[in-house]
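Okay, run.cif now, which holds mmCIF, C-alpha atoms:
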data_target
loop_
_atom_site.label_atom_id
_atom_site.label_comp_id
_atom_site.auth_asym_id
_atom_site.auth_seq_id
_atom_site.Cartn_x
_atom_site.Cartn_y
_atom_site.Cartn_z
CA MET A 119 -127.09 -87.88 4.10
CA GLY A 120 -126.03 -86.47 0.76
CA PHE A 121 -127.27 -88.91 -1.88
CA ASN A 122 -130.94 -87.90 -2.12
CA LYS A 123 -130.64 -84.37 -0.76
CA SER A 124 -131.72 -82.60 -3.95
CA ALA A 125 -134.67 -85.02 -4.35
CA ILE A 126 -135.93 -84.12 -0.86
CA LYS A 127 -135.44 -80.42 -1.58
CA GLU A 128 -137.36 -80.76 -4.84
CA ARG A 129 -140.20 -82.64 -3.15
CA SER A 130 -140.56 -80.14 -0.30
CA ARG A 131 -140.69 -77.39 -2.91
CA ARG A 132 -143.41 -79.18 -4.84
CA VAL A 133 -145.55 -79.55 -1.70
CA LEU A 134 -145.44 -75.78 -1.37
CA ASP A 135 -146.24 -75.10 -5.05
CA PRO A 136 -149.94 -74.28 -4.43
CA VAL A 137 -148.92 -71.80 -1.71
CA VAL A 138 -146.43 -70.18 -4.08
CA THR A 139 -149.12 -69.86 -6.76
CA LEU A 140 -151.55 -68.38 -4.23
CA LEU A 141 -149.00 -65.86 -2.92
CA ALA A 142 -148.06 -64.88 -6.48
CA SER A 143 -151.73 -64.44 -7.46
CA ILE A 144 -152.37 -61.99 -4.62
CA GLY A 145 -149.16 -60.14 -5.45
CA VAL A 146 -147.05 -60.84 -2.35
CA PRO A 147 -143.43 -59.77 -3.01
CA PRO A 148 -140.71 -62.36 -2.16
CA LEU A 149 -138.96 -59.86 0.13
CA LEU A 150 -142.07 -59.69 2.35
CA VAL A 151 -141.94 -63.47 2.77
CA SER A 152 -138.22 -63.21 3.72
CA VAL A 153 -139.06 -60.55 6.31
CA LEU A 154 -141.90 -62.70 7.69
CA GLY A 155 -139.45 -65.60 7.99
CA LEU A 156 -137.06 -63.41 9.94
CA ALA A 157 -139.89 -62.18 12.16
CA GLY A 158 -140.92 -65.82 12.73
CA SER A 159 -137.44 -66.61 14.04
CA PHE A 160 -137.58 -63.68 16.45
CA CYS A 161 -140.97 -64.97 17.69
CA GLY A 162 -139.43 -68.43 18.08
CA ALA A 163 -136.47 -66.99 20.00
CA TYR A 164 -138.84 -65.04 22.24
CA VAL A 165 -140.98 -68.05 23.18
CA ILE A 166 -137.87 -70.22 23.76
CA ALA A 167 -136.44 -67.54 26.05
CA ARG A 168 -139.82 -67.47 27.83
CA GLY A 169 -139.52 -71.22 28.42
CA SER A 170 -141.31 -73.07 25.61
CA LEU A 171 -138.99 -75.14 23.45
CA PHE A 172 -141.98 -76.73 21.67
CA TRP A 173 -143.52 -73.48 20.42
CA GLY A 174 -140.04 -72.23 19.59
CA GLY A 175 -139.72 -75.24 17.30
CA VAL A 176 -143.08 -74.50 15.70
CA TRP A 177 -142.04 -70.90 15.00
CA ALA A 178 -138.66 -72.05 13.68
CA PHE A 179 -140.50 -74.44 11.35
CA ALA A 180 -142.77 -71.63 10.11
CA SER A 181 -139.68 -69.47 9.57
CA GLY A 182 -138.03 -72.30 7.61
CA VAL A 183 -141.12 -72.64 5.39
CA CYS A 184 -140.93 -68.90 4.62
CA ASP A 185 -137.28 -69.40 3.73
CA VAL A 186 -138.18 -72.01 1.10
CA LEU A 187 -141.18 -69.97 -0.08
CA ASP A 188 -139.35 -66.69 -0.75
CA GLY A 189 -136.92 -68.28 -3.21
CA SER A 190 -139.67 -70.31 -4.93
CA LEU A 191 -141.90 -67.25 -5.17
CA ALA A 192 -139.08 -65.15 -6.66
CA ARG A 193 -138.44 -67.87 -9.27
CA TYR A 194 -142.17 -68.23 -10.03
CA ARG A 195 -142.60 -64.50 -10.53
CA GLY A 196 -139.36 -64.23 -12.51
CA GLN A 197 -138.06 -61.83 -9.85
CA GLU A 198 -134.87 -63.59 -8.81
CA THR A 199 -132.35 -60.89 -7.98
CA LYS A 200 -128.85 -60.86 -6.55
CA PHE A 201 -130.09 -58.61 -3.75
CA GLY A 202 -132.84 -61.14 -2.97
CA ALA A 203 -130.19 -63.88 -2.74
CA PHE A 204 -128.07 -61.67 -0.47
CA ILE A 205 -130.97 -60.84 1.85
CA ASP A 206 -132.18 -64.44 1.88
CA SER A 207 -128.86 -65.85 3.09
CA THR A 208 -128.09 -62.95 5.44
CA PHE A 209 -131.51 -63.37 7.08
CA ASP A 210 -130.82 -67.12 7.37
CA ARG A 211 -127.73 -66.33 9.45
CA VAL A 212 -129.69 -63.93 11.68
CA CYS A 213 -132.44 -66.55 12.13
CA GLU A 214 -129.97 -69.21 13.27
CA PHE A 215 -128.22 -66.65 15.44
CA VAL A 216 -131.33 -65.59 17.38
CA ILE A 217 -132.61 -69.16 17.84
CA TYR A 218 -129.26 -70.35 19.24
CA GLY A 219 -129.09 -67.26 21.42
CA ALA A 220 -132.51 -68.08 22.84
CA ILE A 221 -131.56 -71.73 23.46
CA LEU A 222 -128.40 -70.58 25.25
CA PHE A 223 -130.46 -68.12 27.33
CA TYR A 224 -132.96 -70.91 28.13
CA TYR A 225 -130.23 -73.18 29.50
CA ILE A 226 -128.31 -70.43 31.31
CA GLU A 227 -131.53 -69.47 33.12
CA ARG A 228 -132.02 -73.09 34.19
CA GLY A 229 -128.46 -73.41 35.47
CA HIS A 230 -127.41 -76.15 33.08
CA PRO A 231 -123.76 -77.29 33.03
CA LEU A 232 -121.19 -75.28 31.09
CA LEU A 233 -120.51 -78.31 28.89
CA LEU A 234 -124.02 -78.03 27.41
CA LEU A 235 -123.56 -74.27 26.90
CA ALA A 236 -120.27 -75.03 25.13
CA VAL A 237 -122.07 -77.52 22.83
CA ILE A 238 -124.65 -74.84 21.94
CA TRP A 239 -121.81 -72.39 21.30
CA VAL A 240 -119.99 -74.80 18.97
CA ALA A 241 -123.24 -75.69 17.16
CA MET A 242 -123.92 -72.00 16.58
CA GLY A 243 -120.36 -71.12 15.57
CA GLY A 244 -120.07 -74.23 13.39
CA SER A 245 -123.34 -73.40 11.59
CA PHE A 246 -122.06 -69.90 10.92
CA LEU A 247 -118.66 -71.08 9.68
CA VAL A 248 -120.25 -73.60 7.30
CA SER A 249 -122.13 -70.77 5.60
CA TYR A 250 -119.20 -68.36 5.84
CA ALA A 251 -116.83 -70.84 4.19
CA ARG A 252 -119.26 -71.26 1.30
CA ALA A 253 -119.73 -67.51 0.83
CA ARG A 254 -115.96 -67.00 0.96
CA ILE A 255 -115.29 -69.75 -1.61
CA GLU A 256 -117.96 -68.24 -3.88
CA GLY A 257 -116.28 -64.86 -3.35
CA LEU A 258 -113.09 -66.42 -4.75
CA GLY A 259 -115.03 -67.42 -7.84
CA HIS A 260 -115.86 -71.09 -7.15
CA ARG A 261 -118.96 -73.10 -6.38
CA CYS A 262 -119.30 -74.82 -3.02
CA THR A 263 -122.09 -77.27 -2.31
CA VAL A 264 -120.02 -79.96 -0.59
CA GLY A 265 -120.66 -80.72 3.04
CA LEU A 266 -122.47 -83.08 5.38
CA LEU A 267 -124.60 -80.58 7.24
CA GLU A 268 -126.02 -77.72 5.19
CA ARG A 269 -128.77 -75.48 6.47
CA PRO A 270 -131.81 -77.70 5.64
CA GLU A 271 -130.30 -80.64 7.60
CA ARG A 272 -129.23 -78.41 10.49
CA LEU A 273 -132.64 -76.79 10.68
CA THR A 274 -134.42 -80.16 10.56
CA LEU A 275 -132.31 -81.44 13.47
CA LEU A 276 -132.84 -78.23 15.43
CA ILE A 277 -136.62 -78.13 14.90
CA ALA A 278 -136.96 -81.84 15.76
CA GLY A 279 -134.99 -81.21 18.97
CA LEU A 280 -137.05 -78.17 19.94
CA VAL A 281 -140.40 -79.86 19.28
CA LEU A 282 -139.48 -83.16 21.00
CA GLY A 283 -138.00 -81.53 24.10
CA HIS A 284 -134.82 -81.32 26.17
CA THR A 285 -133.28 -84.80 25.66
CA VAL A 286 -133.73 -84.88 21.88
CA LEU A 287 -132.61 -81.24 21.69
CA VAL A 288 -129.35 -82.04 23.48
CA VAL A 289 -128.72 -84.95 21.08
CA ALA A 290 -129.56 -82.70 18.11
CA LEU A 291 -127.20 -79.98 19.37
CA ILE A 292 -124.37 -82.50 19.79
CA LEU A 293 -124.99 -83.80 16.25
CA ILE A 294 -125.07 -80.26 14.87
CA ALA A 295 -121.87 -79.33 16.73
CA PHE A 296 -119.96 -82.37 15.41
CA GLY A 297 -121.56 -82.26 11.97
CA THR A 298 -120.84 -78.59 11.35
CA VAL A 299 -117.20 -78.91 12.44
CA ILE A 300 -116.81 -81.81 9.98
CA THR A 301 -118.56 -79.76 7.27
CA VAL A 302 -116.23 -76.80 7.85
CA LEU A 303 -113.23 -79.13 7.46
CA GLN A 304 -114.77 -80.58 4.27
CA ARG A 305 -115.13 -77.07 2.89
CA VAL A 306 -111.58 -76.09 3.83
CA GLN A 307 -110.40 -79.16 1.92
CA HIS A 308 -112.69 -78.23 -0.98
CA ALA A 309 -111.31 -74.67 -0.98
CA TYR A 310 -107.79 -76.10 -1.10
CA GLN A 311 -108.64 -78.41 -4.00
CA VAL A 312 -110.34 -75.81 -6.17
CA THR A 313 -107.92 -72.94 -5.53
CA ARG A 314 -104.51 -74.59 -5.07
CA ARG A 315 -103.41 -73.86 -8.62
CA GLU A 316 -104.53 -70.23 -8.48
CA PRO A 317 -102.26 -67.38 -7.37
CA MET B 34 -113.33 -43.49 11.86
CA GLY B 35 -113.04 -44.08 8.14
CA PHE B 36 -110.97 -41.23 6.75
CA ASN B 37 -107.44 -42.30 7.74
CA LYS B 38 -108.07 -46.01 8.08
CA SER B 39 -105.81 -47.06 5.21
CA ALA B 40 -103.02 -44.76 6.47
CA ILE B 41 -103.12 -46.46 9.89
CA LYS B 42 -103.16 -49.90 8.24
CA GLU B 43 -100.19 -48.92 6.08
CA ARG B 44 -98.24 -47.60 9.06
CA SER B 45 -98.86 -50.69 11.23
CA ARG B 46 -97.66 -52.79 8.31
CA ARG B 47 -94.50 -50.74 7.96
CA VAL B 48 -93.69 -51.19 11.68
CA LEU B 49 -93.77 -54.94 11.08
CA ASP B 50 -91.65 -54.81 7.91
CA PRO B 51 -88.40 -55.90 9.65
CA VAL B 52 -90.24 -58.87 11.17
CA VAL B 53 -91.63 -59.82 7.76
CA THR B 54 -88.09 -59.65 6.26
CA LEU B 55 -86.73 -61.77 9.10
CA LEU B 56 -89.47 -64.41 8.78
CA ALA B 57 -89.00 -64.54 5.02
CA SER B 58 -85.21 -64.90 5.38
CA ILE B 59 -85.55 -67.95 7.63
CA GLY B 60 -88.15 -69.45 5.29
CA VAL B 61 -91.28 -69.34 7.47
CA PRO B 62 -94.36 -70.07 5.31
CA PRO B 63 -97.31 -67.64 5.65
CA LEU B 64 -99.68 -70.49 6.52
CA LEU B 65 -97.60 -71.29 9.62
CA VAL B 66 -98.03 -67.68 10.80
CA SER B 67 -101.83 -67.99 10.24
CA VAL B 68 -101.88 -71.20 12.28
CA LEU B 69 -99.84 -69.54 15.06
CA GLY B 70 -102.36 -66.66 15.08
CA LEU B 71 -105.21 -69.12 15.47
CA ALA B 72 -103.33 -70.94 18.24
CA GLY B 73 -102.75 -67.56 19.95
CA SER B 74 -106.48 -66.95 20.03
CA PHE B 75 -107.11 -70.34 21.60
CA CYS B 76 -104.48 -69.50 24.25
CA GLY B 77 -106.21 -66.15 24.80
CA ALA B 78 -109.59 -67.85 25.12
CA TYR B 79 -108.14 -70.35 27.59
CA VAL B 80 -106.63 -67.71 29.90
CA ILE B 81 -109.82 -65.60 29.76
CA ALA B 82 -111.88 -68.67 30.70
CA ARG B 83 -109.38 -69.28 33.54
CA GLY B 84 -110.05 -65.74 34.79
CA SER B 85 -107.45 -63.38 33.33
CA LEU B 86 -108.89 -60.77 30.99
CA PHE B 87 -105.53 -58.97 30.84
CA TRP B 88 -103.49 -61.93 29.55
CA GLY B 89 -106.36 -62.81 27.24
CA GLY B 90 -105.96 -59.34 25.72
CA VAL B 91 -102.20 -59.86 25.34
CA TRP B 92 -102.76 -63.17 23.53
CA ALA B 93 -105.46 -61.61 21.35
CA PHE B 94 -103.00 -58.84 20.45
CA ALA B 95 -100.31 -61.40 19.54
CA SER B 96 -102.87 -63.25 17.45
CA GLY B 97 -103.82 -59.99 15.69
CA VAL B 98 -100.15 -59.30 14.90
CA CYS B 99 -99.87 -62.76 13.31
CA ASP B 100 -102.96 -61.91 11.27
CA VAL B 101 -101.26 -58.82 9.81
CA LEU B 102 -97.96 -60.68 9.39
CA ASP B 103 -99.27 -63.66 7.39
CA GLY B 104 -100.68 -61.45 4.64
CA SER B 105 -97.60 -59.21 4.53
CA LEU B 106 -95.30 -62.24 4.46
CA ALA B 107 -97.27 -63.82 1.60
CA ARG B 108 -97.03 -60.58 -0.38
CA TYR B 109 -93.32 -60.21 0.40
CA ARG B 110 -92.57 -63.76 -0.74
CA GLY B 111 -94.84 -63.43 -3.77
CA GLN B 112 -96.92 -66.31 -2.40
CA GLU B 113 -100.34 -64.67 -2.23
CA THR B 114 -102.86 -67.41 -3.01
CA LYS B 115 -106.63 -67.59 -3.02
CA PHE B 116 -106.42 -70.46 -0.54
CA GLY B 117 -104.27 -68.29 1.74
CA ALA B 118 -106.92 -65.55 1.59
CA PHE B 119 -109.64 -68.12 2.35
CA ILE B 120 -107.76 -69.58 5.34
CA ASP B 121 -106.82 -66.12 6.60
CA SER B 122 -110.39 -64.88 6.81
CA THR B 123 -111.85 -68.19 7.98
CA PHE B 124 -109.30 -68.30 10.82
CA ASP B 125 -110.21 -64.69 11.67
CA ARG B 126 -113.82 -65.78 12.24
CA VAL B 127 -112.70 -68.70 14.42
CA CYS B 128 -110.44 -66.36 16.43
CA GLU B 129 -113.28 -63.93 17.14
CA PHE B 130 -115.59 -66.82 17.90
CA VAL B 131 -113.35 -68.42 20.56
CA ILE B 132 -112.49 -65.10 22.23
CA TYR B 133 -116.18 -64.11 22.52
CA GLY B 134 -116.99 -67.61 23.75
CA ALA B 135 -114.38 -67.25 26.48
CA ILE B 136 -115.65 -63.79 27.48
CA LEU B 137 -119.19 -65.18 27.70
CA PHE B 138 -117.93 -68.12 29.78
CA TYR B 139 -116.03 -65.68 32.05
CA TYR B 140 -119.16 -63.65 32.78
CA ILE B 141 -121.50 -66.67 33.09
CA GLU B 142 -119.12 -68.13 35.70
CA ARG B 143 -119.22 -64.88 37.66
CA GLY B 144 -123.01 -64.69 37.56
CA HIS B 145 -123.23 -61.43 35.64
CA PRO B 146 -126.65 -60.18 34.51
CA LEU B 147 -128.23 -61.61 31.36
CA LEU B 148 -128.18 -58.14 29.80
CA LEU B 149 -124.38 -58.21 29.68
CA LEU B 150 -124.45 -61.73 28.22
CA ALA B 151 -126.88 -60.44 25.58
CA VAL B 152 -124.47 -57.60 24.72
CA ILE B 153 -121.63 -60.12 24.27
CA TRP B 154 -123.94 -62.24 22.10
CA VAL B 155 -124.87 -59.32 19.87
CA ALA B 156 -121.21 -58.17 19.62
CA MET B 157 -120.23 -61.67 18.53
CA GLY B 158 -123.11 -62.16 16.10
CA GLY B 159 -122.71 -58.64 14.72
CA SER B 160 -118.99 -59.22 14.10
CA PHE B 161 -119.81 -62.44 12.25
CA LEU B 162 -122.52 -60.81 10.16
CA VAL B 163 -120.27 -57.89 9.14
CA SER B 164 -117.79 -60.36 7.68
CA TYR B 165 -120.49 -62.62 6.26
CA ALA B 166 -122.19 -59.74 4.46
CA ARG B 167 -118.89 -58.79 2.84
CA ALA B 168 -118.11 -62.36 1.76
CA ARG B 169 -121.64 -62.72 0.36
CA ILE B 170 -121.44 -59.45 -1.58
CA GLU B 171 -118.06 -60.52 -2.98
CA GLY B 172 -119.67 -63.86 -3.89
CA LEU B 173 -122.17 -61.89 -5.98
CA GLY B 174 -119.27 -60.30 -7.82
CA HIS B 175 -118.93 -56.92 -6.08
CA ARG B 176 -116.43 -55.29 -3.80
CA CYS B 177 -117.41 -54.37 -0.25
CA THR B 178 -115.20 -52.26 1.95
CA VAL B 179 -117.87 -49.95 3.36
CA GLY B 180 -118.61 -50.02 7.03
CA LEU B 181 -117.92 -48.33 10.33
CA LEU B 182 -116.52 -51.28 12.27
CA GLU B 183 -114.33 -53.66 10.28
CA ARG B 184 -112.14 -56.25 11.95
CA PRO B 185 -109.12 -54.03 12.83
CA GLU B 186 -111.37 -51.55 14.69
CA ARG B 187 -113.33 -54.33 16.39
CA LEU B 188 -110.16 -56.08 17.46
CA THR B 189 -108.62 -52.84 18.76
CA LEU B 190 -111.70 -52.15 20.90
CA LEU B 191 -111.79 -55.74 22.17
CA ILE B 192 -108.08 -55.86 23.04
CA ALA B 193 -108.24 -52.46 24.79
CA GLY B 194 -111.21 -53.71 26.80
CA LEU B 195 -109.54 -56.97 27.78
CA VAL B 196 -106.26 -55.31 28.79
CA LEU B 197 -107.88 -52.44 30.72
CA GLY B 198 -110.32 -54.66 32.61
CA HIS B 199 -114.03 -55.18 33.27
CA THR B 200 -115.42 -51.61 33.01
CA VAL B 201 -113.63 -50.72 29.78
CA LEU B 202 -114.44 -54.18 28.39
CA VAL B 203 -118.16 -53.65 28.98
CA VAL B 204 -118.00 -50.27 27.22
CA ALA B 205 -116.01 -51.83 24.35
CA LEU B 206 -118.55 -54.66 24.02
CA ILE B 207 -121.43 -52.18 23.91
CA LEU B 208 -119.61 -50.14 21.23
CA ILE B 209 -118.87 -53.30 19.23
CA ALA B 210 -122.50 -54.47 19.54
CA PHE B 211 -123.92 -51.14 18.31
CA GLY B 212 -121.15 -50.55 15.76
CA THR B 213 -121.44 -53.96 14.13
CA VAL B 214 -125.23 -53.74 13.84
CA ILE B 215 -124.80 -50.35 12.11
CA THR B 216 -122.09 -51.82 9.85
CA VAL B 217 -124.35 -54.73 8.86
CA LEU B 218 -127.09 -52.26 7.93
CA GLN B 219 -124.55 -50.20 5.93
CA ARG B 220 -123.55 -53.32 4.04
CA VAL B 221 -127.16 -54.33 3.36
CA GLN B 222 -127.69 -50.86 1.88
CA HIS B 223 -124.45 -51.21 -0.09
CA ALA B 224 -125.58 -54.62 -1.40
CA TYR B 225 -128.86 -53.04 -2.50
CA GLN B 226 -127.11 -50.19 -4.27
CA VAL B 227 -124.61 -52.30 -6.18
CA THR B 228 -127.00 -55.14 -7.15
CA ARG B 229 -130.37 -53.48 -7.63
CA ARG B 230 -130.10 -53.37 -11.41
CA GLU B 231 -128.92 -56.98 -11.65
CA PRO B 232 -131.28 -59.90 -12.11
#
As structure tokens, how would this structure be written, given the file I've shared?
Amino acid sequence: MGFNKSAIKERSRRVLDPVVTLLASIGVPPLLVSVLGLAGSFCGAYVIARGSLFWGGVWAFASGVCDVLDGSLARYRGQETKFGAFIDSTFDRVCEFVIYGAILFYYIERGHPLLLLAVIWVAMGGSFLVSYARARIEGLGHRCTVGLLERPERLTLLIAGLVLGHTVLVVALILIAFGTVITVLQRVQHAYQVTRREP
Amino acid sequence: MGFNKSAIKERSRRVLDPVVTLLASIGVPPLLVSVLGLAGSFCGAYVIARGSLFWGGVWAFASGVCDVLDGSLARYRGQETKFGAFIDSTFDRVCEFVIYGAILFYYIERGHPLLLLAVIWVAMGGSFLVSYARARIEGLGHRCTVGLLERPERLTLLIAGLVLGHTVLVVALILIAFGTVITVLQRVQHAYQVTRREP
């Protein structure tokens, strides 16, 4: 999954280039796009909790697009700031958090088995730990981009599952749960390798 | 809650000093204490899921003691490492995650209202975000110790709730949910203040 990751990222950014130019020309600040992305996730969570996985997926997709746009827009306008980076990644965590909460709510309401709820719980916790491990390693002064399942891949799986319905969603959640646990272990190993000689 | 926080921390460390000396004298490595703390949380989660909040609280307390001990032991032995700090805080997140998961499971099993499940969800997500925001700010090269509800306060509330039973636990969860959301906002403001002049 890793070999052409940056190529895919680059291509998806290029598709959005005209939108970035448009937003920049009408003077939209990157922070507004971040806030819209966050709001999109709350809308997605709301419709999932109300019973529509499909429209939840559509909102999650729109939120994901905003998440790519805000960074691109900041770069385009020469307004990349540390605070923007902080808000961007903190909002990402909140977005994942509310979507998983809504999915859990959806399945609790429908009386699904505890095993499925546990899978959702692990997928959510694993996603969080993947990002936490990276932030923590960066806090110790190192880079960390290793890992099977970063946010773009997780989000793609989650959106595909939501849009395609229950069965695909369950498979996606199982993949995310396993994949994020593996990614956390990869990052623990990475942390060990880069810091072992440092007091 | 903030004014004598470091005094309390210092005192609780001093109480454990003889234990630290003992562990150091028999050659226990700090990492083993961290692993025992993590294992303690899993035991706590297991007994909560099996129906005993009280014993879950006792295990969570034991796990919290290990969490203070590992750092003190590393300092005492002059073995403080960046990897140790990374593992320590990553394990802390896993500990909180499994305990909240077990509490959620406990209340789902007993058919408690969705509002209570939502409170647990927010308390868990808020706790995660408080720690994430700090790690992210440190990743941007700044210190971050501001905030109403850091881990020791959260853990104290949670353990008190578990040991004293359902009613106190619900109050503790509500306090943690509100307190962590406030703390996240405090840290967002802090991030803005310390980074706003940096590109």
- [ ] Show me which bits of chain B are within 6 Å of chain A, counting all atoms listed in the file, as a PyMOL selection string.
- [x] chain B and resi 114+116+165+168-169+171-172+225+228+232
Open item on the list: Applying the PyMOL selection byres ((chain A and resi 275) around 10) to the file I just gave you, which residues come out? Please list them as number ranges by chain.
Closed with: A: 267, 269-274, 276-280, 286-287, 289-291, 293-294
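Atom CA of B:Arg143 to atom CA of B:Trp92 spans 21.8 Å [interatomic distance, one decimal].
Here atom CA of A:Leu149 stands at a distance of 13.1 Å from atom CA of A:Asp210.
Take the candidates A:Ile144, A:Thr285, A:Leu266, A:Tyr218 and check each one against A:Gly174 using only C-alpha atoms; the shortest distance goes to A:Tyr218.
Remark: for B:Val52, the closest of the candidate residues B:Phe211, B:Thr216, B:Val101, B:Glu183 is B:Val101 (distances computed over all atoms listed in the file).
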TODO: Kindly give the distance, in Å, that separates atom CA of A:Gly145 and atom CA of A:Ile126, rounded to a single decimal.
DONE: 27.8 Å
Using all atoms listed in the file, which protein or nucleic acid residues come within 10 Å of B:Val68? Drop anything in the same chain fewer than 4 positions from it, and give the result as a tab-separated table (two decimals) with C-alpha atoms, keeping the file's coordinate frame.
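Contents of part_12.tsv, as written:
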chain	number	residue	atom	x	y	z
B	63	PRO	CA	-97.31	-67.64	5.65
B	64	LEU	CA	-99.68	-70.49	6.52
B	72	ALA	CA	-103.33	-70.94	18.24
B	73	GLY	CA	-102.75	-67.56	19.95
B	74	SER	CA	-106.48	-66.95	20.03
B	96	SER	CA	-102.87	-63.25	17.45
B	99	CYS	CA	-99.87	-62.76	13.31
B	100	ASP	CA	-102.96	-61.91	11.27
B	103	ASP	CA	-99.27	-63.66	7.39
B	120	ILE	CA	-107.76	-69.58	5.34
B	121	ASP	CA	-106.82	-66.12	6.60
B	124	PHE	CA	-109.30	-68.30	10.82
Open item on the list: From the options A:Val138, A:Cys262, A:Leu154, A:Ala241, which residue's atoms come nearest to A:Ala192, counting all atoms listed in the file?
Closed with: A:Val138
Mind giving me the axis-aligned box for stretch 135-138 of chain A with 8 Å on every side, centre plus edges in Å to one decimal, as AutoDock Vina command-line options?
--center_x -148.1 --center_y -72.6 --center_z -3.4 --size_x 19.7 --size_y 20.9 --size_z 19.3
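If you apply the PyMOL selection byres ((chain B and resi 106) around 8) to this structure, you end up with Val53, Thr54, Leu56, Ala57, Pro62, Pro63, Leu102, Asp103, Gly104, Ser105, Ala107, Arg108, Tyr109 and Arg110 of chain B.
Candidate residues B:His199, B:Arg44, B:His145, B:Arg220 were compared for distance to B:Ile81, and the nearest is B:His199, using only C-alpha atoms.
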TODO: Return the single residue from B:Ala95, B:Ala40, B:Leu218, B:Ile153 that is closest to B:Val66, with distances computed using all atoms listed in the file.
DONE: B:Ala95
